[in-house]
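Read through the structure below, which is laid out as structure tokens, and then see the notes.
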Protein chains: 2
Amino acid sequence: MSTTTTEESLGTRIEQALRHRFSERSAAAERYGSEFAGLWQAAEEHALGGKLIRPRLLLDLARALAPAPLTADEMRSAIDVAAHVELLHFAFLLHDDVIDGDLMRRRRPNLIGALVAGRPAGPTEPALHWARSSAILLGDLLLSSAVLGFARAGVTDEARERLLGLLEETIFETVAGEHADVALSDGIITPDLRTILSTSAYKTATYSFVLPLRAAAVLVGSSTAAEDHLAVIGRHLGLAYQLQDDLLSVFGDPEEHGKDPFSDLREGKETAIIAYARMTSQWDGIELHFGRADLSPTDGAAARDRLRECGSESFVRGLVREHLESADAALREAEGAGLLPATAGDAIRALASRVGGRSR
Amino acid sequence: MSTTTTEESLGTRIEQALRHRFSERSAAAERYGSEFAGLWQAAEEHALGGKLIRPRLLLDLARALAPAPLTADEMRSAIDVAAHVELLHFAFLLHDDVIDGDLMRRRRPNLIGALVAGRPAGPTEPALHWARSSAILLGDLLLSSAVLGFARAGVTDEARERLLGLLEETIFETVAGEHADVALSDGIITPDLRTILSTSAYKTATYSFVLPLRAAAVLVGSSTAAEDHLAVIGRHLGLAYQLQDDLLSVFGDPEEHGKDPFSDLREGKETAIIAYARMTSQWDGIELHFGRADLSPTDGAAARDRLRECGSESFVRGLVREHLESADAALREAEGAGLLPATAGDAIRALASRVGGRSR
């Protein structure tokens, strides 16, 4: 029971740190007029209330990796860095939604959708332009806030240098992944399996898994060898997570995962499932339905059945298993070399089991 | 002659610092595929070759404010910070061009236009989407690079804290100004003169004038009182510069300023010239031509003549004069209080005279 209480209070402390940051920015925004202040209020509503997966992961690992319980000061610094990882995530989501032209996320209006809905004349061209431009600009502010947060972390000079280098690599690789993702969707590069997998790893695994694990290692003063192993583990777990996400959104229960069923098919999203299907004789039948905005539930179900029959589902399930096994192998190697304390192994195994077993 | 040589060699050193940064990023981009590496090469071409107004201003003032000639190390740090101010500028330009839907800048294709021109099928929707998304993503990288550059400046901890605070304020205010500018162009807020002037100050003066002047003060260890006066001076000079820019683009010689004549009128740009004209009885005749993409040279010339007749031109020339006078008053106050060395006064007066007398 005590673990649960601590988990909950950690979540609360991350939320408090984020709320504090947003309130302070909303107040500073007041002097630039009500529209700009309103943007910050909308941002606060949309950025909070999430599952805080990334900052929780960071704090969870920091506690598990630390040779001794974190002091109050160390915990405060870790929560601060973790909150800035969440700001980075929100900045990426905003620009991603602009690029994808999305007005919804998980069946609710995203920030852009909410800003459009707030305009009296409804979704006119100027209202859409206003909402998307606002999202670009807010993303810029959150991105720079995230970097500033790392630059001001209450840690030693050496740790700050490592954190800044890590953040620089992370942003560079995430943007490279997003850029490749746009190239895929605009037909600029070929959607082969290898490209799709590396794009996923760069775009999502790097900042969602590798960054929290490595940042935790830096914060508690782990060796660079331990950090390197955590990078490999994070990359495999992040890929497994993303592939699970792809599987759930096509084959999962929409009541559980909360997305529109068939939305990936409707949007023509280039996933590992699709890349595999392209190489099979069933592709012609699937392609008919792929990327059709008007895909009916019946046709969606037919396409899904064909994706199962052609072997895509079990191929991707196999990939998830492989990445979980590779993460486990890297973990055992690190343990064998005495790089990680037993508590860290436990935390990573618990994480891997959540990634492998999730249904939403 | 020696001054000229030094100015030239400073320009060269800023260019070298920028070129070094871009080459290093282009090399890092290679492993993410040729499209991403190509984006960096295009970025280098577009970011270099400019007039480097902001970094030059920073270095000019740093030398003029310093109590003793800068050491080689101090100069290196100043050039590094100055180069990151230029990266920030380029990041803002990229997102500005995305928001405005522009494919050209100063009669040449901007980065977006160049990326579109590079697509075999020409300016199709996917090509435009690709180019704009690329510009959003590259802007994100340059923005975070600018913050990282400030965070890693080779200065004392205290100076770095001041530089980071200054950069945070600058980005926040510039984005607030850009946000208000979008609100003006989308008809969300009323284009009254007061709003237009504060929007200009926030959007342009803050990062183009206030940031270089204040950063120079921090780099050479000037007092915060000196920095505060430089902020006021920078704001007035920046506004004078922007108002001159508005005047030139409507009333100036296109051969000299290098922009399309009447482009501001064609785009319906809300400037101080227009805000004044709106309050006169001539507005109805001007409004006919305002914001018309198909504005002919004859109609453009007619609108320009009316803007002159209604008193807008002389009103805005008066504003330029007032801001130059206010800058001068703040400078004299700082000198009277012994806050600035004589060399700084000379440098600022030379700058003010360039702002007041420019024709392009």
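Chain labels follow the order of the structure tokens: the first chain is A, the next B, and so on; residue numbering restarts at 1 in every chain, and ligands are counted from 1 in their shown order.
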Using only C-alpha atoms and a distance of at most 8 Å, pull out the residues of chain A that contact chain B, as an mmCIF file with N, CA, C and O atoms, in the first residue's frame.
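The result, stored in selection_19.cif:
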```cif
data_model
loop_
_atom_site.group_PDB
_atom_site.id
_atom_site.type_symbol
_atom_site.label_atom_id
_atom_site.label_comp_id
_atom_site.auth_asym_id
_atom_site.auth_seq_id
_atom_site.Cartn_x
_atom_site.Cartn_y
_atom_site.Cartn_z
ATOM 1 N N ALA A 29 1.622 36.292 -19.270
ATOM 2 C CA ALA A 29 0.980 36.518 -20.571
ATOM 3 C C ALA A 29 -0.069 37.628 -20.513
ATOM 4 O O ALA A 29 -0.371 38.254 -21.531
ATOM 5 N N TYR A 32 0.259 40.899 -22.297
ATOM 6 C CA TYR A 32 0.262 40.920 -23.764
ATOM 7 C C TYR A 32 -1.142 40.766 -24.335
ATOM 8 O O TYR A 32 -1.299 40.469 -25.506
ATOM 9 N N GLU A 35 -5.956 37.563 -25.534
ATOM 10 C CA GLU A 35 -5.842 36.410 -26.437
ATOM 11 C C GLU A 35 -4.657 35.530 -26.048
ATOM 12 O O GLU A 35 -4.752 34.301 -26.045
ATOM 13 N N PHE A 36 -3.554 36.191 -25.721
ATOM 14 C CA PHE A 36 -2.339 35.438 -25.388
ATOM 15 C C PHE A 36 -2.499 34.764 -24.025
ATOM 16 O O PHE A 36 -2.090 33.608 -23.853
ATOM 17 N N HIS A 95 3.041 20.505 -32.297
ATOM 18 C CA HIS A 95 3.542 20.655 -33.675
ATOM 19 C C HIS A 95 3.156 19.459 -34.536
ATOM 20 O O HIS A 95 2.905 19.601 -35.730
ATOM 21 N N ILE A 99 1.090 19.645 -38.036
ATOM 22 C CA ILE A 99 1.595 19.002 -39.243
ATOM 23 C C ILE A 99 0.578 18.001 -39.799
ATOM 24 O O ILE A 99 0.361 17.919 -41.005
ATOM 25 N N PRO A 126 -9.989 31.496 -41.488
ATOM 26 C CA PRO A 126 -9.221 32.309 -40.523
ATOM 27 C C PRO A 126 -9.184 31.673 -39.127
ATOM 28 O O PRO A 126 -8.162 31.748 -38.438
ATOM 29 N N ALA A 127 -10.281 31.023 -38.708
ATOM 30 C CA ALA A 127 -10.297 30.397 -37.375
ATOM 31 C C ALA A 127 -9.293 29.244 -37.319
ATOM 32 O O ALA A 127 -8.568 29.073 -36.334
ATOM 33 N N HIS A 129 -6.648 28.915 -39.265
ATOM 34 C CA HIS A 129 -5.310 29.518 -39.355
ATOM 35 C C HIS A 129 -4.881 30.049 -38.001
ATOM 36 O O HIS A 129 -3.741 29.846 -37.551
ATOM 37 N N TRP A 130 -5.789 30.711 -37.335
ATOM 38 C CA TRP A 130 -5.543 31.264 -36.007
ATOM 39 C C TRP A 130 -5.172 30.147 -35.013
ATOM 40 O O TRP A 130 -4.184 30.252 -34.281
ATOM 41 N N SER A 133 -1.758 28.498 -36.024
ATOM 42 C CA SER A 133 -0.635 29.404 -35.752
ATOM 43 C C SER A 133 -0.398 29.483 -34.247
ATOM 44 O O SER A 133 0.747 29.504 -33.785
ATOM 45 N N SER A 134 -1.488 29.528 -33.477
ATOM 46 C CA SER A 134 -1.359 29.558 -32.017
ATOM 47 C C SER A 134 -0.630 28.319 -31.519
ATOM 48 O O SER A 134 0.196 28.398 -30.607
ATOM 49 N N ILE A 136 1.533 26.448 -33.221
ATOM 50 C CA ILE A 136 2.958 26.541 -33.577
ATOM 51 C C ILE A 136 3.676 27.401 -32.527
ATOM 52 O O ILE A 136 4.719 27.034 -31.997
ATOM 53 N N LEU A 137 3.086 28.551 -32.215
ATOM 54 C CA LEU A 137 3.747 29.504 -31.317
ATOM 55 C C LEU A 137 3.826 28.980 -29.888
ATOM 56 O O LEU A 137 4.858 29.098 -29.226
ATOM 57 N N ASP A 140 6.511 26.475 -29.676
ATOM 58 C CA ASP A 140 7.826 27.128 -29.600
ATOM 59 C C ASP A 140 8.152 27.513 -28.154
ATOM 60 O O ASP A 140 9.277 27.332 -27.683
ATOM 61 N N LEU A 141 7.161 28.068 -27.467
ATOM 62 C CA LEU A 141 7.402 28.488 -26.085
ATOM 63 C C LEU A 141 7.657 27.288 -25.179
ATOM 64 O O LEU A 141 8.527 27.335 -24.313
ATOM 65 N N LEU A 143 8.753 24.317 -26.063
ATOM 66 C CA LEU A 143 10.037 23.720 -26.423
ATOM 67 C C LEU A 143 11.182 24.506 -25.783
ATOM 68 O O LEU A 143 12.091 23.923 -25.172
ATOM 69 N N SER A 144 11.141 25.827 -25.896
ATOM 70 C CA SER A 144 12.235 26.602 -25.292
ATOM 71 C C SER A 144 12.174 26.512 -23.775
ATOM 72 O O SER A 144 13.221 26.463 -23.118
ATOM 73 N N SER A 145 10.973 26.432 -23.192
ATOM 74 C CA SER A 145 10.870 26.241 -21.737
ATOM 75 C C SER A 145 11.514 24.936 -21.303
ATOM 76 O O SER A 145 12.146 24.875 -20.244
ATOM 77 N N VAL A 147 13.993 23.329 -22.740
ATOM 78 C CA VAL A 147 15.451 23.441 -22.771
ATOM 79 C C VAL A 147 15.933 24.320 -21.614
ATOM 80 O O VAL A 147 16.914 24.005 -20.934
ATOM 81 N N LEU A 148 15.222 25.425 -21.368
ATOM 82 C CA LEU A 148 15.598 26.298 -20.252
ATOM 83 C C LEU A 148 15.508 25.547 -18.927
ATOM 84 O O LEU A 148 16.342 25.732 -18.038
ATOM 85 N N ALA A 151 18.492 23.510 -18.577
ATOM 86 C CA ALA A 151 19.668 24.371 -18.376
ATOM 87 C C ALA A 151 19.750 24.880 -16.939
ATOM 88 O O ALA A 151 20.818 25.202 -16.448
ATOM 89 N N LEU A 164 22.096 18.402 -20.767
ATOM 90 C CA LEU A 164 21.921 19.235 -21.966
ATOM 91 C C LEU A 164 22.307 18.466 -23.230
ATOM 92 O O LEU A 164 21.636 18.576 -24.258
ATOM 93 N N GLU A 168 19.757 17.637 -26.228
ATOM 94 C CA GLU A 168 20.073 18.038 -27.605
ATOM 95 C C GLU A 168 19.935 16.849 -28.560
ATOM 96 O O GLU A 168 19.287 16.943 -29.601
ATOM 97 N N ILE A 171 16.135 15.893 -28.908
ATOM 98 C CA ILE A 171 15.335 16.767 -29.774
ATOM 99 C C ILE A 171 15.724 16.545 -31.232
ATOM 100 O O ILE A 171 14.867 16.437 -32.114
ATOM 101 N N PHE A 172 17.016 16.443 -31.485
ATOM 102 C CA PHE A 172 17.494 16.250 -32.858
ATOM 103 C C PHE A 172 16.915 14.968 -33.458
ATOM 104 O O PHE A 172 16.391 14.955 -34.572
ATOM 105 N N VAL A 175 13.006 15.079 -33.924
ATOM 106 C CA VAL A 175 12.642 15.890 -35.081
ATOM 107 C C VAL A 175 13.011 15.152 -36.373
ATOM 108 O O VAL A 175 12.241 15.170 -37.344
ATOM 109 N N ALA A 176 14.155 14.468 -36.383
ATOM 110 C CA ALA A 176 14.528 13.668 -37.560
ATOM 111 C C ALA A 176 13.444 12.613 -37.819
ATOM 112 O O ALA A 176 13.054 12.374 -38.967
ATOM 113 N N GLY A 177 12.950 11.986 -36.759
ATOM 114 C CA GLY A 177 11.904 10.966 -36.899
ATOM 115 C C GLY A 177 10.607 11.561 -37.407
ATOM 116 O O GLY A 177 9.947 11.002 -38.295
ATOM 117 N N GLU A 178 10.242 12.709 -36.871
ATOM 118 C CA GLU A 178 9.019 13.384 -37.314
ATOM 119 C C GLU A 178 9.155 13.794 -38.787
ATOM 120 O O GLU A 178 8.207 13.669 -39.567
ATOM 121 N N HIS A 179 10.343 14.256 -39.145
ATOM 122 C CA HIS A 179 10.601 14.663 -40.531
ATOM 123 C C HIS A 179 10.450 13.456 -41.470
ATOM 124 O O HIS A 179 9.832 13.558 -42.537
ATOM 125 N N ALA A 180 10.988 12.312 -41.062
ATOM 126 C CA ALA A 180 10.846 11.100 -41.881
ATOM 127 C C ALA A 180 9.380 10.674 -41.949
ATOM 128 O O ALA A 180 8.899 10.200 -42.986
ATOM 129 N N VAL A 182 6.773 12.641 -41.881
ATOM 130 C CA VAL A 182 6.127 13.517 -42.857
ATOM 131 C C VAL A 182 6.512 13.072 -44.275
ATOM 132 O O VAL A 182 5.657 13.006 -45.164
ATOM 133 N N ALA A 183 7.777 12.737 -44.473
ATOM 134 C CA ALA A 183 8.236 12.279 -45.795
ATOM 135 C C ALA A 183 7.474 11.020 -46.208
ATOM 136 O O ALA A 183 7.114 10.856 -47.376
ATOM 137 N N ASP A 186 3.809 12.113 -47.075
ATOM 138 C CA ASP A 186 3.714 12.883 -48.319
ATOM 139 C C ASP A 186 4.282 12.131 -49.529
ATOM 140 O O ASP A 186 4.406 12.709 -50.608
ATOM 141 N N GLY A 187 4.638 10.864 -49.307
ATOM 142 C CA GLY A 187 5.109 10.054 -50.431
ATOM 143 C C GLY A 187 6.493 10.438 -50.925
ATOM 144 O O GLY A 187 6.842 10.195 -52.083
#
```
For Ser296 in chain B, list every protein, DNA or RNA residue within 10 Å, evaluated using only C-alpha atoms, and leave out those in the same chain fewer than 6 positions away; present the list as a list in words.
Phe262, Arg266, His289 and Ala302 of chain B
Selection above as a file: C-alpha atoms, as a compact mmCIF listing (two decimals), in the first residue's frame:
```txt
# COMPACT_ATOMS: atom_id res chain seq x y z
CA PHE B 262 2.97 47.35 -52.87
CA ARG B 266 -1.45 43.52 -51.43
CA HIS B 289 -7.22 48.42 -52.73
CA ALA B 302 -3.13 55.40 -56.40
```
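Put simply, CA of Ala153 in chain A is 11.2 Å away from CA of Ala83 in chain A.
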Here is a test: counting only C-alpha atoms, which residue of A:Lys259, A:Leu52, A:Phe22, A:Tyr241 is nearest to Trp40 in chain A?
A:Phe22
Using Å and a single decimal, report how far CA of Pro191 in chain A sits from CA of Gly252 in chain A.
23.4 Å
If you run DSSP over the backbone, which residues in range 27-58 of chain A end up helix (DSSP H, G or I)? Put them as a PyMOL selection string.
chain A and resi 27-32+34-47+53-58
Produce a file of the selected residues containing N, CA, C and O atoms, as a CSV table (one decimal), in the first residue's frame.
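Ended up saving to selection28.csv:
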```
chain,number,residue,atom,x,y,z
A,27,ALA,N,0.2,34.2,-16.0
A,27,ALA,CA,0.2,35.6,-15.4
A,27,ALA,C,1.1,36.5,-16.2
A,27,ALA,O,0.7,37.6,-16.5
A,28,ALA,N,2.3,36.0,-16.6
A,28,ALA,CA,3.2,36.8,-17.5
A,28,ALA,C,2.5,37.2,-18.8
A,28,ALA,O,2.8,38.2,-19.4
A,29,ALA,N,1.6,36.3,-19.3
A,29,ALA,CA,1.0,36.5,-20.6
A,29,ALA,C,-0.1,37.6,-20.5
A,29,ALA,O,-0.4,38.3,-21.5
A,30,GLU,N,-0.6,37.9,-19.3
A,30,GLU,CA,-1.7,38.9,-19.2
A,30,GLU,C,-1.3,40.2,-19.8
A,30,GLU,O,-2.2,40.8,-20.4
A,31,ARG,N,-0.1,40.6,-19.6
A,31,ARG,CA,0.3,42.0,-20.1
A,31,ARG,C,0.3,42.1,-21.6
A,31,ARG,O,0.4,43.1,-22.2
A,32,TYR,N,0.3,40.9,-22.3
A,32,TYR,CA,0.3,40.9,-23.8
A,32,TYR,C,-1.1,40.8,-24.3
A,32,TYR,O,-1.3,40.5,-25.5
A,34,SER,N,-5.6,39.7,-23.8
A,34,SER,CA,-6.4,38.6,-23.3
A,34,SER,C,-6.3,37.3,-24.2
A,34,SER,O,-6.4,36.2,-23.8
A,35,GLU,N,-6.0,37.6,-25.5
A,35,GLU,CA,-5.8,36.4,-26.4
A,35,GLU,C,-4.7,35.5,-26.0
A,35,GLU,O,-4.8,34.3,-26.0
A,36,PHE,N,-3.6,36.2,-25.7
A,36,PHE,CA,-2.3,35.4,-25.4
A,36,PHE,C,-2.5,34.8,-24.0
A,36,PHE,O,-2.1,33.6,-23.9
A,37,ALA,N,-3.1,35.5,-23.1
A,37,ALA,CA,-3.4,34.9,-21.8
A,37,ALA,C,-4.3,33.7,-21.9
A,37,ALA,O,-4.1,32.6,-21.3
A,38,GLY,N,-5.3,33.8,-22.8
A,38,GLY,CA,-6.3,32.7,-23.1
A,38,GLY,C,-5.6,31.5,-23.7
A,38,GLY,O,-5.9,30.4,-23.3
A,39,LEU,N,-4.6,31.7,-24.5
A,39,LEU,CA,-3.8,30.6,-25.1
A,39,LEU,C,-3.2,29.8,-24.0
A,39,LEU,O,-3.2,28.6,-24.0
A,40,TRP,N,-2.6,30.5,-23.0
A,40,TRP,CA,-1.9,29.8,-21.9
A,40,TRP,C,-2.9,29.0,-21.0
A,40,TRP,O,-2.6,27.9,-20.5
A,41,GLN,N,-4.1,29.6,-20.8
A,41,GLN,CA,-5.1,28.9,-20.0
A,41,GLN,C,-5.5,27.6,-20.8
A,41,GLN,O,-5.6,26.6,-20.2
A,42,ALA,N,-5.8,27.8,-22.0
A,42,ALA,CA,-6.1,26.6,-22.8
A,42,ALA,C,-5.0,25.5,-22.8
A,42,ALA,O,-5.3,24.3,-22.7
A,43,ALA,N,-3.8,26.0,-22.8
A,43,ALA,CA,-2.6,25.1,-22.8
A,43,ALA,C,-2.6,24.3,-21.5
A,43,ALA,O,-2.4,23.1,-21.5
A,44,GLU,N,-2.9,25.0,-20.4
A,44,GLU,CA,-2.9,24.4,-19.1
A,44,GLU,C,-3.9,23.3,-19.0
A,44,GLU,O,-3.6,22.1,-18.6
A,45,GLU,N,-5.1,23.6,-19.5
A,45,GLU,CA,-6.2,22.6,-19.5
A,45,GLU,C,-5.8,21.3,-20.3
A,45,GLU,O,-6.1,20.2,-19.9
A,46,HIS,N,-5.1,21.6,-21.5
A,46,HIS,CA,-4.8,20.4,-22.4
A,46,HIS,C,-3.6,19.7,-21.9
A,46,HIS,O,-3.5,18.5,-22.2
A,47,ALA,N,-2.7,20.4,-21.3
A,47,ALA,CA,-1.4,19.7,-20.9
A,47,ALA,C,-1.6,18.9,-19.6
A,47,ALA,O,-0.9,17.9,-19.4
A,53,ILE,N,3.1,9.7,-18.3
A,53,ILE,CA,3.9,8.5,-18.4
A,53,ILE,C,5.4,8.8,-18.3
A,53,ILE,O,6.1,8.1,-17.6
A,54,ARG,N,5.8,9.8,-19.1
A,54,ARG,CA,7.2,10.1,-19.2
A,54,ARG,C,7.9,10.6,-17.9
A,54,ARG,O,8.9,10.1,-17.4
A,55,PRO,N,7.2,11.6,-17.2
A,55,PRO,CA,7.8,12.1,-16.0
A,55,PRO,C,7.8,11.0,-14.9
A,55,PRO,O,8.7,10.9,-14.1
A,56,ARG,N,6.7,10.2,-14.9
A,56,ARG,CA,6.6,9.1,-13.9
A,56,ARG,C,7.7,8.1,-14.1
A,56,ARG,O,8.3,7.6,-13.1
A,57,LEU,N,7.9,7.8,-15.4
A,57,LEU,CA,9.0,6.8,-15.7
A,57,LEU,C,10.3,7.3,-15.2
A,57,LEU,O,11.1,6.6,-14.6
A,58,LEU,N,10.6,8.6,-15.4
A,58,LEU,CA,11.9,9.2,-15.0
A,58,LEU,C,12.0,9.1,-13.5
A,58,LEU,O,13.1,8.6,-13.0
```
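CA of Val155 in chain A sits 28.8 Å away from CA of Glu227 in chain B.
When the distance limit is 8 Å and only C-alpha atoms are what count, the residues near range 312-318 of chain A, minus those fewer than 4 positions from it on the same chain, are A:Leu243, A:Gln244, A:Leu247, A:Ala272, A:Ile273, A:Ile274, A:Tyr276, A:Ala277, A:Leu307, A:Arg308, A:Glu322.
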Extract, using only C-alpha atoms, all DNA, RNA and protein residues at most 10 Å from Ala303 in chain A, discarding same-chain residues fewer than 4 positions from it, and format them as a tab-separated table (two decimals) with N, CA, C and O atoms, in the first residue's frame.
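Now in around.tsv:
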```tsv
chain	number	residue	atom	x	y	z
A	250	VAL	N	-5.51	-0.88	-34.54
A	250	VAL	CA	-6.18	-1.63	-35.63
A	250	VAL	C	-6.97	-2.82	-35.07
A	250	VAL	O	-8.13	-3.03	-35.46
A	262	PHE	N	-10.28	2.13	-36.62
A	262	PHE	CA	-9.91	2.31	-38.04
A	262	PHE	C	-9.33	3.68	-38.37
A	262	PHE	O	-9.16	3.99	-39.54
A	265	LEU	N	-6.20	3.36	-40.37
A	265	LEU	CA	-6.46	2.94	-41.75
A	265	LEU	C	-7.00	4.11	-42.56
A	265	LEU	O	-6.58	4.36	-43.70
A	282	GLN	N	-2.05	-10.23	-50.31
A	282	GLN	CA	-3.34	-9.66	-49.90
A	282	GLN	C	-3.38	-8.14	-50.05
A	282	GLN	O	-4.42	-7.52	-49.81
A	283	TRP	N	-2.23	-7.53	-50.33
A	283	TRP	CA	-2.16	-6.06	-50.28
A	283	TRP	C	-3.17	-5.37	-51.19
A	283	TRP	O	-3.80	-4.39	-50.81
A	285	GLY	N	-6.12	-6.08	-52.00
A	285	GLY	CA	-7.44	-5.99	-51.36
A	285	GLY	C	-7.45	-5.00	-50.20
A	285	GLY	O	-8.49	-4.41	-49.90
A	286	ILE	N	-6.32	-4.87	-49.54
A	286	ILE	CA	-6.26	-3.94	-48.40
A	286	ILE	C	-6.11	-2.50	-48.89
A	286	ILE	O	-6.72	-1.58	-48.37
A	287	GLU	N	-5.31	-2.34	-49.94
A	287	GLU	CA	-5.01	-0.99	-50.45
A	287	GLU	C	-6.27	-0.23	-50.85
A	287	GLU	O	-6.33	1.00	-50.72
A	288	LEU	N	-7.28	-0.98	-51.33
A	288	LEU	CA	-8.57	-0.38	-51.69
A	288	LEU	C	-9.13	0.50	-50.57
A	288	LEU	O	-9.79	1.51	-50.82
A	289	HIS	N	-8.89	0.05	-49.33
A	289	HIS	CA	-9.49	0.73	-48.16
A	289	HIS	C	-8.51	1.65	-47.45
A	289	HIS	O	-8.90	2.39	-46.55
A	290	PHE	N	-7.25	1.57	-47.84
A	290	PHE	CA	-6.19	2.26	-47.09
A	290	PHE	C	-6.13	3.75	-47.43
A	290	PHE	O	-6.08	4.12	-48.61
A	295	LEU	N	-13.87	5.72	-45.12
A	295	LEU	CA	-13.91	4.28	-44.85
A	295	LEU	C	-15.10	3.94	-43.92
A	295	LEU	O	-15.22	4.48	-42.83
A	297	PRO	N	-17.47	1.44	-41.42
A	297	PRO	CA	-17.14	0.41	-40.43
A	297	PRO	C	-17.05	-0.99	-41.06
A	297	PRO	O	-16.17	-1.77	-40.70
A	298	THR	N	-17.93	-1.28	-42.02
A	298	THR	CA	-17.90	-2.60	-42.67
A	298	THR	C	-16.60	-2.81	-43.44
A	298	THR	O	-15.93	-3.84	-43.30
A	299	ASP	N	-16.23	-1.79	-44.26
A	299	ASP	CA	-14.98	-1.91	-45.02
A	299	ASP	C	-13.78	-1.92	-44.08
A	299	ASP	O	-12.78	-2.60	-44.34
A	307	LEU	N	-5.81	-7.88	-42.85
A	307	LEU	CA	-4.51	-7.63	-42.21
A	307	LEU	C	-4.16	-8.78	-41.26
A	307	LEU	O	-3.00	-9.13	-41.08
A	308	ARG	N	-5.19	-9.37	-40.67
A	308	ARG	CA	-4.96	-10.52	-39.80
A	308	ARG	C	-4.57	-11.73	-40.66
A	308	ARG	O	-3.57	-12.40	-40.40
A	309	GLU	N	-5.38	-11.96	-41.72
A	309	GLU	CA	-5.15	-13.14	-42.58
A	309	GLU	C	-3.78	-13.12	-43.26
A	309	GLU	O	-3.16	-14.16	-43.42
```
